[in-house]
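S.K.: So that you have it, the file is run03.cif, and it contains mmCIF, C-alpha atoms:
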data_model
loop_
_atom_site.label_atom_id
_atom_site.label_comp_id
_atom_site.auth_asym_id
_atom_site.auth_seq_id
_atom_site.Cartn_x
_atom_site.Cartn_y
_atom_site.Cartn_z
CA MET A 5 0.00 0.00 0.00
CA THR A 6 1.43 3.35 -0.98
CA ASN A 7 1.58 6.20 1.48
CA THR A 8 -0.47 9.00 -0.08
CA ASN A 9 -1.51 12.29 1.41
CA ASN A 10 -5.18 13.15 1.54
CA LEU A 11 -5.35 16.15 -0.75
CA ASN A 12 -8.79 17.13 0.58
CA VAL A 13 -7.34 17.87 4.03
CA SER A 14 -5.05 20.87 4.23
CA GLU A 15 -3.26 22.19 7.26
CA LYS A 16 -5.12 24.97 9.02
CA SER A 17 -3.80 28.43 8.27
CA LYS A 18 -2.53 30.44 11.23
CA GLY A 19 -1.55 34.04 11.55
CA PHE A 20 -1.67 37.32 13.41
CA LEU A 21 -4.20 40.05 12.74
CA LEU A 22 -3.45 43.64 13.71
CA PHE A 23 -5.77 46.64 13.70
CA ALA A 24 -4.15 50.04 13.13
CA TYR A 25 -5.92 53.30 12.38
CA ASN A 26 -3.77 56.43 12.29
CA THR A 27 -4.74 59.58 14.11
CA ALA A 28 -3.53 63.14 13.67
CA GLU A 29 -1.00 62.60 16.50
CA THR A 30 0.02 58.97 16.16
CA ASP A 31 1.13 56.79 13.28
CA TYR A 32 -0.38 53.52 14.55
CA VAL A 33 0.46 51.73 11.29
CA LYS A 34 4.16 52.43 11.87
CA ILE A 35 3.83 50.98 15.36
CA ALA A 36 2.04 47.96 13.88
CA GLU A 37 4.91 47.44 11.42
CA GLN A 38 7.41 46.98 14.28
CA CYS A 39 4.96 44.70 16.06
CA ALA A 40 4.51 42.61 12.91
CA ARG A 41 8.27 42.28 12.35
CA LEU A 42 8.69 40.88 15.84
CA ALA A 43 5.67 38.58 15.66
CA THR A 44 6.81 37.02 12.40
CA TYR A 45 10.45 36.77 13.48
CA THR A 46 9.54 35.11 16.79
CA THR A 47 6.80 32.74 15.65
CA GLY A 48 7.28 32.36 11.90
CA LEU A 49 3.60 33.20 11.39
CA PRO A 50 2.31 35.72 8.83
CA VAL A 51 0.72 38.99 9.92
CA SER A 52 -2.20 40.76 8.27
CA LEU A 53 -3.22 44.35 8.84
CA VAL A 54 -6.68 45.85 9.11
CA THR A 55 -6.64 49.57 8.39
CA GLU A 56 -8.54 52.16 6.41
CA GLU A 57 -8.51 52.95 2.72
CA GLY A 58 -5.60 55.16 1.66
CA THR A 59 -3.21 54.20 4.48
CA GLN A 60 0.41 54.09 3.33
CA THR A 61 2.62 51.21 4.45
CA ASP A 62 5.77 49.71 2.96
CA TYR A 63 5.80 46.65 5.21
CA PRO A 64 5.40 43.28 3.43
CA TRP A 65 2.11 42.35 5.13
CA ASP A 66 0.56 38.99 4.38
CA ASN A 67 -2.66 40.89 3.64
CA VAL A 68 -3.76 44.50 4.00
CA ILE A 69 -7.49 44.56 4.65
CA THR A 70 -9.32 47.86 4.52
CA LYS A 71 -12.29 48.56 6.72
CA GLU A 72 -13.84 51.86 7.67
CA ASN A 73 -13.66 52.79 11.36
CA LYS A 74 -15.49 55.90 12.46
CA LEU A 75 -15.11 55.49 16.22
CA LYS A 76 -12.66 57.93 17.75
CA ASN A 77 -11.76 58.23 21.43
CA TYR A 78 -10.01 61.07 23.16
CA LYS A 79 -8.16 61.44 26.40
CA VAL A 80 -6.82 64.96 26.69
CA GLY A 81 -3.29 65.31 27.99
CA GLU A 82 -2.46 61.62 28.11
CA LEU A 83 -2.95 59.43 25.08
CA GLY A 84 -4.40 62.00 22.68
CA ALA A 85 -6.85 60.37 20.30
CA TRP A 86 -7.11 56.70 19.45
CA ARG A 87 -9.42 54.67 17.25
CA ASN A 88 -10.11 51.28 18.72
CA GLY A 89 -13.51 50.49 17.24
CA GLY A 90 -14.34 47.64 14.92
CA ARG A 91 -12.32 44.91 16.61
CA TYR A 92 -15.42 42.74 16.24
CA ASN A 93 -14.67 42.66 12.51
CA ALA A 94 -11.75 40.32 13.23
CA TYR A 95 -13.95 37.25 12.85
CA GLU A 96 -15.25 38.30 9.46
CA LEU A 97 -12.02 39.79 8.11
CA THR A 98 -9.36 37.32 9.17
CA PRO A 99 -7.81 35.35 6.32
CA TYR A 100 -6.74 32.59 8.75
CA ASP A 101 -8.43 29.54 10.26
CA GLU A 102 -6.65 30.20 13.56
CA THR A 103 -6.08 33.86 14.34
CA ILE A 104 -4.11 35.68 17.00
CA VAL A 105 -5.39 39.23 17.31
CA ILE A 106 -2.95 41.46 19.16
CA ASP A 107 -2.79 45.16 19.83
CA ALA A 108 -0.13 46.93 17.78
CA ASP A 109 1.65 47.79 21.03
CA TYR A 110 2.04 44.14 22.09
CA PHE A 111 5.51 42.82 21.29
CA VAL A 112 5.76 39.08 20.69
CA ILE A 113 9.23 38.20 21.95
CA ASP A 114 8.78 34.59 23.10
CA LYS A 115 6.92 31.61 21.66
CA ASN A 116 4.48 30.95 24.49
CA LEU A 117 1.40 32.02 22.51
CA LEU A 118 2.10 29.19 20.04
CA LYS A 119 1.53 26.64 22.83
CA LEU A 120 -2.10 27.71 22.95
CA LEU A 121 -2.67 26.90 19.28
CA GLU A 122 -2.16 23.23 20.09
CA GLN A 123 -5.25 23.16 22.31
CA ASP A 124 -8.87 22.50 21.47
CA PHE A 125 -10.80 25.77 21.95
CA ASP A 126 -13.10 28.33 20.40
CA TYR A 127 -11.32 31.41 21.69
CA ARG A 128 -8.87 32.48 24.35
CA ILE A 129 -8.46 35.96 25.83
CA MET A 130 -5.79 37.42 28.07
CA GLN A 131 -7.26 37.57 31.55
CA LYS A 132 -4.41 38.45 33.85
CA ASN A 133 -2.19 41.48 33.62
CA ASN A 134 0.86 42.49 35.61
CA LEU A 135 1.51 46.23 35.51
CA PRO A 136 4.71 46.91 37.46
CA GLY A 137 4.81 50.39 38.92
CA SER A 138 1.23 51.20 37.93
CA HIS A 139 -1.98 51.10 39.92
CA TRP A 140 -4.79 50.15 37.58
CA ASN A 141 -8.22 49.16 38.67
CA LEU A 142 -8.53 45.62 37.35
CA SER A 143 -12.28 45.40 37.81
CA MET A 144 -14.89 47.01 35.61
CA GLY A 145 -17.24 49.69 36.86
CA MET A 146 -19.12 49.69 40.16
CA VAL A 147 -20.21 46.08 39.64
CA GLY A 148 -16.53 45.14 40.00
CA LEU A 149 -16.51 42.62 37.17
CA PRO A 150 -12.92 41.43 36.64
CA TYR A 151 -12.20 42.34 33.06
CA VAL A 152 -10.31 40.62 30.28
CA TRP A 153 -7.62 42.25 28.14
CA ALA A 154 -8.50 42.42 24.45
CA THR A 155 -4.78 43.02 23.84
CA VAL A 156 -4.47 39.31 22.96
CA ILE A 157 -7.35 37.25 21.57
CA ILE A 158 -6.87 33.89 19.89
CA PHE A 159 -9.79 32.38 18.06
CA ARG A 160 -10.86 29.72 15.63
CA LYS A 161 -13.71 30.01 13.17
CA THR A 162 -16.37 28.33 15.26
CA ALA A 163 -19.98 29.16 16.06
CA LYS A 164 -19.06 30.18 19.62
CA SER A 165 -16.30 32.52 18.44
CA GLU A 166 -18.67 34.07 15.94
CA MET A 167 -21.16 34.69 18.74
CA LEU A 168 -18.45 36.34 20.83
CA PHE A 169 -17.58 38.81 18.09
CA ASP A 170 -21.27 39.40 17.30
CA LEU A 171 -21.82 40.25 20.95
CA VAL A 172 -18.84 42.62 20.97
CA LYS A 173 -20.36 44.34 17.94
CA ARG A 174 -23.65 44.67 19.81
CA VAL A 175 -21.87 46.09 22.87
CA GLN A 176 -19.94 48.60 20.78
CA ARG A 177 -23.06 49.77 18.96
CA ASN A 178 -24.98 50.14 22.22
CA TYR A 179 -22.05 51.12 24.39
CA ASP A 180 -23.86 53.87 26.24
CA TYR A 181 -26.51 51.38 27.37
CA TYR A 182 -23.95 48.79 28.53
CA ARG A 183 -21.85 51.49 30.17
CA ARG A 184 -24.82 52.47 32.32
CA LEU A 185 -25.85 48.86 32.90
CA TYR A 186 -22.42 47.97 34.31
CA HIS A 187 -21.96 51.36 36.01
CA MET A 188 -18.75 52.22 34.21
CA ARG A 189 -17.26 55.61 34.89
CA GLU A 190 -15.23 55.90 31.69
CA GLY A 191 -17.11 57.37 28.74
CA ASN A 192 -14.67 56.17 26.10
CA PHE A 193 -15.25 52.85 24.41
CA ARG A 194 -12.85 50.15 25.64
CA ASN A 195 -12.40 46.87 23.83
CA ASP A 196 -11.40 45.27 27.14
CA TYR A 197 -14.82 46.08 28.57
CA ALA A 198 -16.70 45.10 25.41
CA PHE A 199 -15.01 41.69 25.33
CA THR A 200 -15.55 41.27 29.08
CA ILE A 201 -19.28 41.86 28.72
CA ALA A 202 -19.51 39.61 25.65
CA ASN A 203 -17.50 36.86 27.34
CA VAL A 204 -19.62 36.95 30.48
CA LEU A 205 -22.89 36.93 28.52
CA LEU A 206 -21.72 34.12 26.28
CA ASN A 207 -20.72 31.96 29.24
CA GLY A 208 -23.98 32.36 31.14
CA TYR A 209 -22.71 35.07 33.52
CA ASP A 210 -20.02 32.68 34.66
CA LEU A 211 -16.67 34.15 35.68
CA ASN A 212 -14.75 30.93 35.17
CA GLU A 213 -11.43 31.15 33.38
CA ASP A 214 -12.10 28.48 30.75
CA GLN A 215 -11.59 31.01 27.97
CA GLY A 216 -8.58 32.67 29.56
CA ILE A 217 -4.91 32.52 28.73
CA PRO A 218 -3.44 30.91 31.86
CA TRP A 219 -0.55 33.28 32.39
CA ASN A 220 0.02 36.97 33.07
CA MET A 221 0.58 39.60 30.45
CA LEU A 222 3.32 42.09 31.34
CA THR A 223 2.30 45.69 30.68
CA PHE A 224 4.33 48.87 30.99
CA ALA A 225 1.79 51.66 31.24
CA GLY A 226 4.14 54.55 32.05
CA VAL A 227 6.37 56.74 29.94
CA ILE A 228 9.34 54.74 28.69
CA SER A 229 12.72 56.46 28.40
CA SER A 230 14.45 53.50 26.76
CA ILE A 231 14.48 49.72 26.36
CA GLU A 232 17.77 47.98 25.68
CA LEU A 233 18.63 44.36 25.05
CA HIS A 234 21.72 43.33 26.98
CA ASN A 235 22.93 39.77 27.72
CA ASN A 236 19.53 38.35 26.78
CA LEU A 237 17.81 40.65 29.30
CA LEU A 238 15.65 43.66 28.56
CA LYS A 239 16.56 46.81 30.47
CA ILE A 240 13.53 49.05 30.65
CA ARG A 241 13.88 52.62 31.90
CA GLU A 242 10.84 54.60 32.89
CA ASP A 243 10.95 58.16 34.15
CA LYS A 244 11.65 57.24 37.76
CA LYS A 245 12.04 53.47 37.71
CA ALA A 246 13.97 50.83 35.86
CA TYR A 247 13.35 47.13 35.31
CA VAL A 248 15.50 44.27 34.14
CA ILE A 249 13.40 41.47 32.73
CA PRO A 250 13.92 38.34 30.64
CA LYS A 251 13.15 38.28 26.91
CA GLN A 252 9.39 37.90 27.00
CA ASP A 253 6.23 39.31 25.45
CA ILE A 254 5.58 42.87 26.60
CA HIS A 255 2.72 45.29 26.22
CA VAL A 256 4.16 48.81 25.95
CA MET A 257 1.56 51.54 26.05
CA ASP A 258 3.80 54.58 25.56
CA LYS A 259 3.17 55.54 21.93
CA GLY A 260 6.00 58.09 22.03
CA PHE A 261 8.47 55.31 22.74
CA LEU A 262 6.89 52.98 20.18
CA LEU A 263 7.52 55.56 17.48
CA SER A 264 11.05 56.38 18.63
CA LYS A 265 14.36 55.46 17.03
CA ASN A 266 15.17 53.48 20.19
CA CYS A 267 12.16 51.23 19.65
CA GLN A 268 13.18 50.59 16.06
CA GLN A 269 16.72 49.73 17.19
CA LEU A 270 15.34 47.38 19.83
CA VAL A 271 13.23 45.55 17.26
CA ASP A 272 16.29 45.39 14.95
CA GLN A 273 18.27 43.83 17.79
CA LEU A 274 15.54 41.38 18.72
CA CYS A 275 15.16 40.36 15.07
CA ASP A 276 18.94 39.98 14.67
CA ALA A 277 18.77 42.51 11.86
CA MET B 2 24.74 69.29 39.19
CA SER B 3 23.81 69.64 42.84
CA GLU B 4 24.27 66.79 45.27
CA LEU B 5 20.50 66.39 45.52
CA ASN B 6 20.14 66.12 41.74
CA GLU B 7 22.87 63.51 41.65
CA ILE B 8 21.05 61.44 44.27
CA VAL B 9 17.77 61.74 42.33
CA GLU B 10 19.58 60.70 39.15
CA LYS B 11 20.99 57.63 40.91
CA ILE B 12 17.58 56.69 42.30
CA ASN B 13 16.06 56.96 38.83
CA GLN B 14 18.67 54.57 37.48
CA ALA B 15 18.22 52.11 40.31
CA THR B 16 16.34 48.94 39.65
CA ASP B 17 14.51 46.98 42.29
CA TYR B 18 15.79 43.43 42.63
CA GLN B 19 12.57 42.18 44.24
CA THR B 20 10.40 43.51 41.38
CA ASN B 21 12.72 42.08 38.73
CA LYS B 22 12.82 38.77 40.57
CA ARG B 23 9.01 38.65 40.66
CA ILE B 24 8.72 39.42 36.92
CA LEU B 25 11.30 36.75 36.11
CA ARG B 26 9.45 34.20 38.25
CA GLU B 27 6.19 34.95 36.43
CA LYS B 28 7.90 34.46 33.08
CA ILE B 29 9.25 31.11 34.28
CA GLN B 30 5.77 30.05 35.44
CA THR B 31 4.60 30.80 31.88
CA ASP B 32 7.50 28.95 30.30
CA LEU B 33 6.82 25.87 32.42
CA HIS B 34 3.63 25.23 30.43
CA VAL B 35 3.97 22.46 27.90
CA PRO B 36 1.38 21.33 25.34
CA TYR B 37 0.75 17.60 25.05
CA ASN B 38 -1.87 15.62 23.16
CA GLY B 39 -4.26 18.56 22.88
CA GLY B 40 -3.84 19.55 26.53
CA LEU B 41 -1.75 22.16 28.31
CA PHE B 42 0.21 21.22 31.43
CA LYS B 43 2.31 23.24 33.83
CA VAL B 44 5.30 21.06 34.63
CA SER B 45 6.00 20.84 38.35
CA PRO B 46 8.03 18.57 40.66
CA GLU B 47 4.69 17.07 41.78
CA LEU B 48 3.73 16.20 38.19
CA ILE B 49 7.12 14.62 37.52
CA ALA B 50 7.00 12.66 40.80
CA PHE B 51 3.48 11.46 40.04
CA LEU B 52 4.41 10.31 36.54
CA THR B 53 7.51 8.57 37.88
CA SER B 54 5.58 6.65 40.51
CA TRP B 55 2.54 5.69 38.41
CA SER B 56 2.59 2.04 37.40
CA SER B 57 0.59 1.77 34.17
CA ASP B 58 1.78 2.96 30.77
CA GLU B 59 -1.33 4.93 29.95
CA LEU B 60 -3.41 7.24 32.12
CA TYR B 61 -5.59 10.33 32.02
CA LEU B 62 -4.44 13.56 33.61
CA GLU B 63 -6.26 16.82 34.24
CA ASP B 64 -4.66 19.70 32.34
CA THR B 65 -4.59 23.45 33.04
CA TYR B 66 -8.02 23.83 31.45
CA GLN B 67 -9.51 21.04 33.59
CA ASN B 68 -9.76 18.60 30.69
CA PRO B 69 -8.82 14.92 31.06
CA ILE B 70 -5.99 14.22 28.64
CA LYS B 71 -4.77 10.79 27.59
CA ILE B 72 -1.12 10.37 28.54
CA ALA B 73 1.53 7.93 27.36
CA ARG B 74 3.39 7.96 30.67
CA GLU B 75 7.00 7.33 29.56
CA GLU B 76 6.79 9.74 26.65
CA PHE B 77 5.18 12.51 28.72
CA LEU B 78 7.57 11.96 31.63
CA THR B 79 10.56 12.38 29.32
CA LEU B 80 9.03 15.52 27.84
CA CYS B 81 8.30 16.97 31.29
CA CYS B 82 11.78 16.20 32.67
CA GLU B 83 13.53 17.76 29.69
CA HIS B 84 11.28 20.79 29.69
CA TYR B 85 11.56 21.29 33.44
CA GLN B 86 15.33 21.09 33.41
CA GLN B 87 15.65 23.48 30.49
CA VAL B 88 13.34 26.09 32.04
CA MET B 89 14.82 25.81 35.54
CA ASN B 90 18.36 26.16 34.15
CA ALA B 91 17.31 29.32 32.34
CA TRP B 92 15.70 30.61 35.55
CA HIS B 93 18.88 30.00 37.53
CA ASP B 94 21.10 31.67 34.96
CA GLN B 95 18.90 34.73 34.66
CA HIS B 96 18.39 35.00 38.41
CA GLU B 97 22.15 34.98 38.92
CA GLN B 98 22.42 37.85 36.44
CA LEU B 99 19.65 39.79 38.17
CA LYS B 100 21.32 39.49 41.57
CA ARG B 101 24.31 41.41 40.26
CA ILE B 102 22.31 44.24 38.71
CA ARG B 103 21.50 47.14 40.97
CA LYS B 104 21.25 49.92 38.40
CA VAL B 105 20.72 50.19 34.67
#
As structure tokens, how would this structure be written, given the file I've shared?
M.R.:
Amino acid sequence: MTNTNNLNVSEKSKGFLLFAYNTAETDYVKIAEQCARLATYTTGLPVSLVTEEGTQTDYPWDNVITKENKLKNYKVGELGAWRNGGRYNAYELTPYDETIVIDADYFVIDKNLLKLLEQDFDYRIMQKNNLPGSHWNLSMGMVGLPYVWATVIIFRKTAKSEMLFDLVKRVQRNYDYYRRLYHMREGNFRNDYAFTIANVLLNGYDLNEDQGIPWNMLTFAGVISSIELHNNLLKIREDKKAYVIPKQDIHVMDKGFLLSKNCQQLVDQLCDA
Amino acid sequence: MSELNEIVEKINQATDYQTNKRILREKIQTDLHVPYNGGLFKVSPELIAFLTSWSSDELYLEDTYQNPIKIAREEFLTLCCEHYQQVMNAWHDQHEQLKRIRKV
């Protein structure tokens, strides 16, 4: 008997999907380009970009998908404007069977996310976050619902995943209602909250961690002066603090740093360029 | 630069060993996860001891997501031992480096 491959069964496609919509102050697509370089270098997976029509990018994306996004948030004096709407489109727009959606400011530096792709699941969301030096309220609104972090979402094309994204769409479109229902103080739309509400609804108001990624994300929420790679350790300088950490995935929220020459050099170093 | 400014500058460059140690430990806890047969396990001395002492070749073990996963004992034990040693060695090496760093 000859050993023949079944040509009707192909390997499932896997890849990252990034959303980046530029604002007057911030070139989010440029940030996404650095993020994509790292993600592909570290994992070997392709990266596709969702952005709006007319956006210029020289990066060799696997796909550039255009989708209008009218939602705009503002936070005067801190982050300026940002456009985080339309994340629910990930399910419809992804070109992959198994998709890892990450924020453009999440740097994939180790391969731990790949371990999750070997499991049987509909979707997984980052649930735990470690923010050294920052004091963030990790529960949502006055109801105190512990919220998930939409910074990392892994999903397969299943009915349950589709329902999750449909629910996020519903929450975004009726955000003012849900904001009042869950007694949230913040007026700006947050994907973290939208996915939290959708996840809780979808799981019968159960707070179990079945859909969670079982480890902590590491987030630097403050202003970053520099990040250097030295002896396989990352040296991170904030304004008044410094950290020395192993090479691992990091979520860096300081857009000024992400657009700096230092960030580009760091990515060059990490990618052995 | 005044003496006070110099002190402030030094403080700003200082890095806290305890915080770095905690971040490194969390990274190691992440790295200790190993996928096997559709499940995800966090390798621990208890898991290795259990697999070593179990008598039959096949068994079912509860994974991180509370699913029962079919295990080929010898194969999984070898995987766990190798993975554990590799991750713990990395932890030791990096911890030794951290102990020497007081400023960046």
S.K.: Residues of chain A within 6 Å of chain B: nearest atom pair and distance (Å, one decimal) for each, counting all atoms listed in the file, sorted by chain and number, as CSV?
M.R.:
residue,atom,partner,partner_atom,distance
A:Lys119,CA,B:Pro36,CA,5.9
A:Glu122,CA,B:Gly39,CA,5.8
A:Gln123,CA,B:Gly39,CA,4.7
A:Trp219,CA,B:Thr31,CA,5.7
A:Lys244,CA,B:Asn13,CA,4.5
A:Lys245,CA,B:Asn13,CA,5.4
A:Ala246,CA,B:Thr16,CA,4.9
A:Tyr247,CA,B:Thr16,CA,5.6
A:Val248,CA,B:Asn21,CA,5.8
S.K.: Can you find the residues with an atom no farther than 9 Å from (-18.7, 45.1, 28.5), counting all atoms listed in the file, and report them as a ChimeraX atom specification?
M.R.: /A:144,151,172,175-176,179,182-183,186,194-204
S.K.: Range 54-65 of chain B, all listed atoms, 3 Å padding on each side: what axis-aligned box centre and edge lengths in Å to one decimal come out, as JSON?
M.R.:
{"center_x": -0.3, "center_y": 12.6, "center_z": 35.2, "size_x": 17.8, "size_y": 27.7, "size_z": 16.6}
S.K.: I'd like the residues picked by the PyMOL selection byres ((chain B and resi 61) around 8) written out as a list in words, using the chain letters and numbers from the file.
M.R.: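 Selection result, ordered by chain and number: Glu59, Leu60, Leu62, Glu63, Pro69, Ile70, Lys71 and Ile72 of chain B.
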S.K.: Taking C-alpha atoms for each residue, export the selection above as a CSV table (one decimal), in the coordinates of the input.
M.R.:
chain,number,residue,atom,x,y,z
B,59,GLU,CA,-1.3,4.9,30.0
B,60,LEU,CA,-3.4,7.2,32.1
B,62,LEU,CA,-4.4,13.6,33.6
B,63,GLU,CA,-6.3,16.8,34.2
B,69,PRO,CA,-8.8,14.9,31.1
B,70,ILE,CA,-6.0,14.2,28.6
B,71,LYS,CA,-4.8,10.8,27.6
B,72,ILE,CA,-1.1,10.4,28.5
S.K.: Go ahead and compute the interatomic distance for CA of Pro150 in chain A and CA of Asp170 in chain A, in Å to one decimal.
M.R.: 21.2 Å
S.K.: Excluding Arg160 in chain A and any residue of its chain fewer than 2 positions from it, enumerate the residues within 10 Å of it, using all atoms listed in the file, and give them as a PyMOL selection string.
M.R.: chain A and resi 16+18+95+100-104+121+124-128+158+162-166
S.K.: Evaluate the PyMOL selection byres ((chain B and resi 77-86) around 8) on the structure here and hand back the selected residues as a ChimeraX atom specification.
M.R.: /B:33,35,37,44-45,49,52-53,72-76,87-90
S.K.: What is the distance, in Å and to one decimal place, between CA of Glu57 in chain A and CA of Leu75 in chain A?
M.R.: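 Between CA of Glu57 in chain A and CA of Leu75 in chain A the gap works out to 15.2 Å.
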S.K.: Set the distance at 10 Å and use all atoms listed in the file: which residues neighbour Lys251 in chain A once local chain neighbours fewer than 6 positions away are removed? I'd like the list as a ChimeraX atom specification.
M.R.: /A:112-114,233-239,274 /B:25,28
S.K.: Using only C-alpha atoms, pick whichever of A:Thr61, A:Asn93, A:Gln252, A:Asn192 has the shortest atom-to-atom distance to Asn73 in chain A.
M.R.: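 The closest residue to Asn73 in chain A is A:Asn93.
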S.K.: So how far away is CA of Tyr63 in chain A from CA of Ser264 in chain A, in Å?
M.R.: 17.4 Å
S.K.: Give me the residues near range 33-42 of chain A as a VMD selection string, where near means some atom within 6 Å (using all atoms listed in the file) and where sequence neighbours in that chain fewer than 5 positions away do not count.
M.R.: chain A and resid 24 108 111 to 112
S.K.: Carefully work through the PyMOL selection byres ((chain A and resi 22) around 12) for this structure and note down the residues it includes, as number ranges by chain.
M.R.: A: 19-21, 23-25, 32-41, 43, 50-55, 65-70, 88, 90-91, 93-94, 97-99, 103-111, 154-157
S.K.: Can you pull out the residues contacting Leu222 in chain A? Cut-off 8 Å, using all atoms listed in the file, and skip same-chain residues under 6 positions away; I want them as a PDB file with C-alpha atoms, keeping the file's coordinate frame.
M.R.:
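Output below, filename part.pdb:
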ATOM      1  CA  ASN A 133      -2.190  41.480  33.620  1.00  0.00           C
ATOM      2  CA  ASN A 134       0.860  42.490  35.610  1.00  0.00           C
ATOM      3  CA  LEU A 135       1.510  46.230  35.510  1.00  0.00           C
ATOM      4  CA  PRO A 136       4.710  46.910  37.460  1.00  0.00           C
ATOM      5  CA  ASP A 253       6.230  39.310  25.450  1.00  0.00           C
ATOM      6  CA  ILE A 254       5.580  42.870  26.600  1.00  0.00           C
ATOM      7  CA  HIS A 255       2.720  45.290  26.220  1.00  0.00           C
TER       8      HIS A 255
END
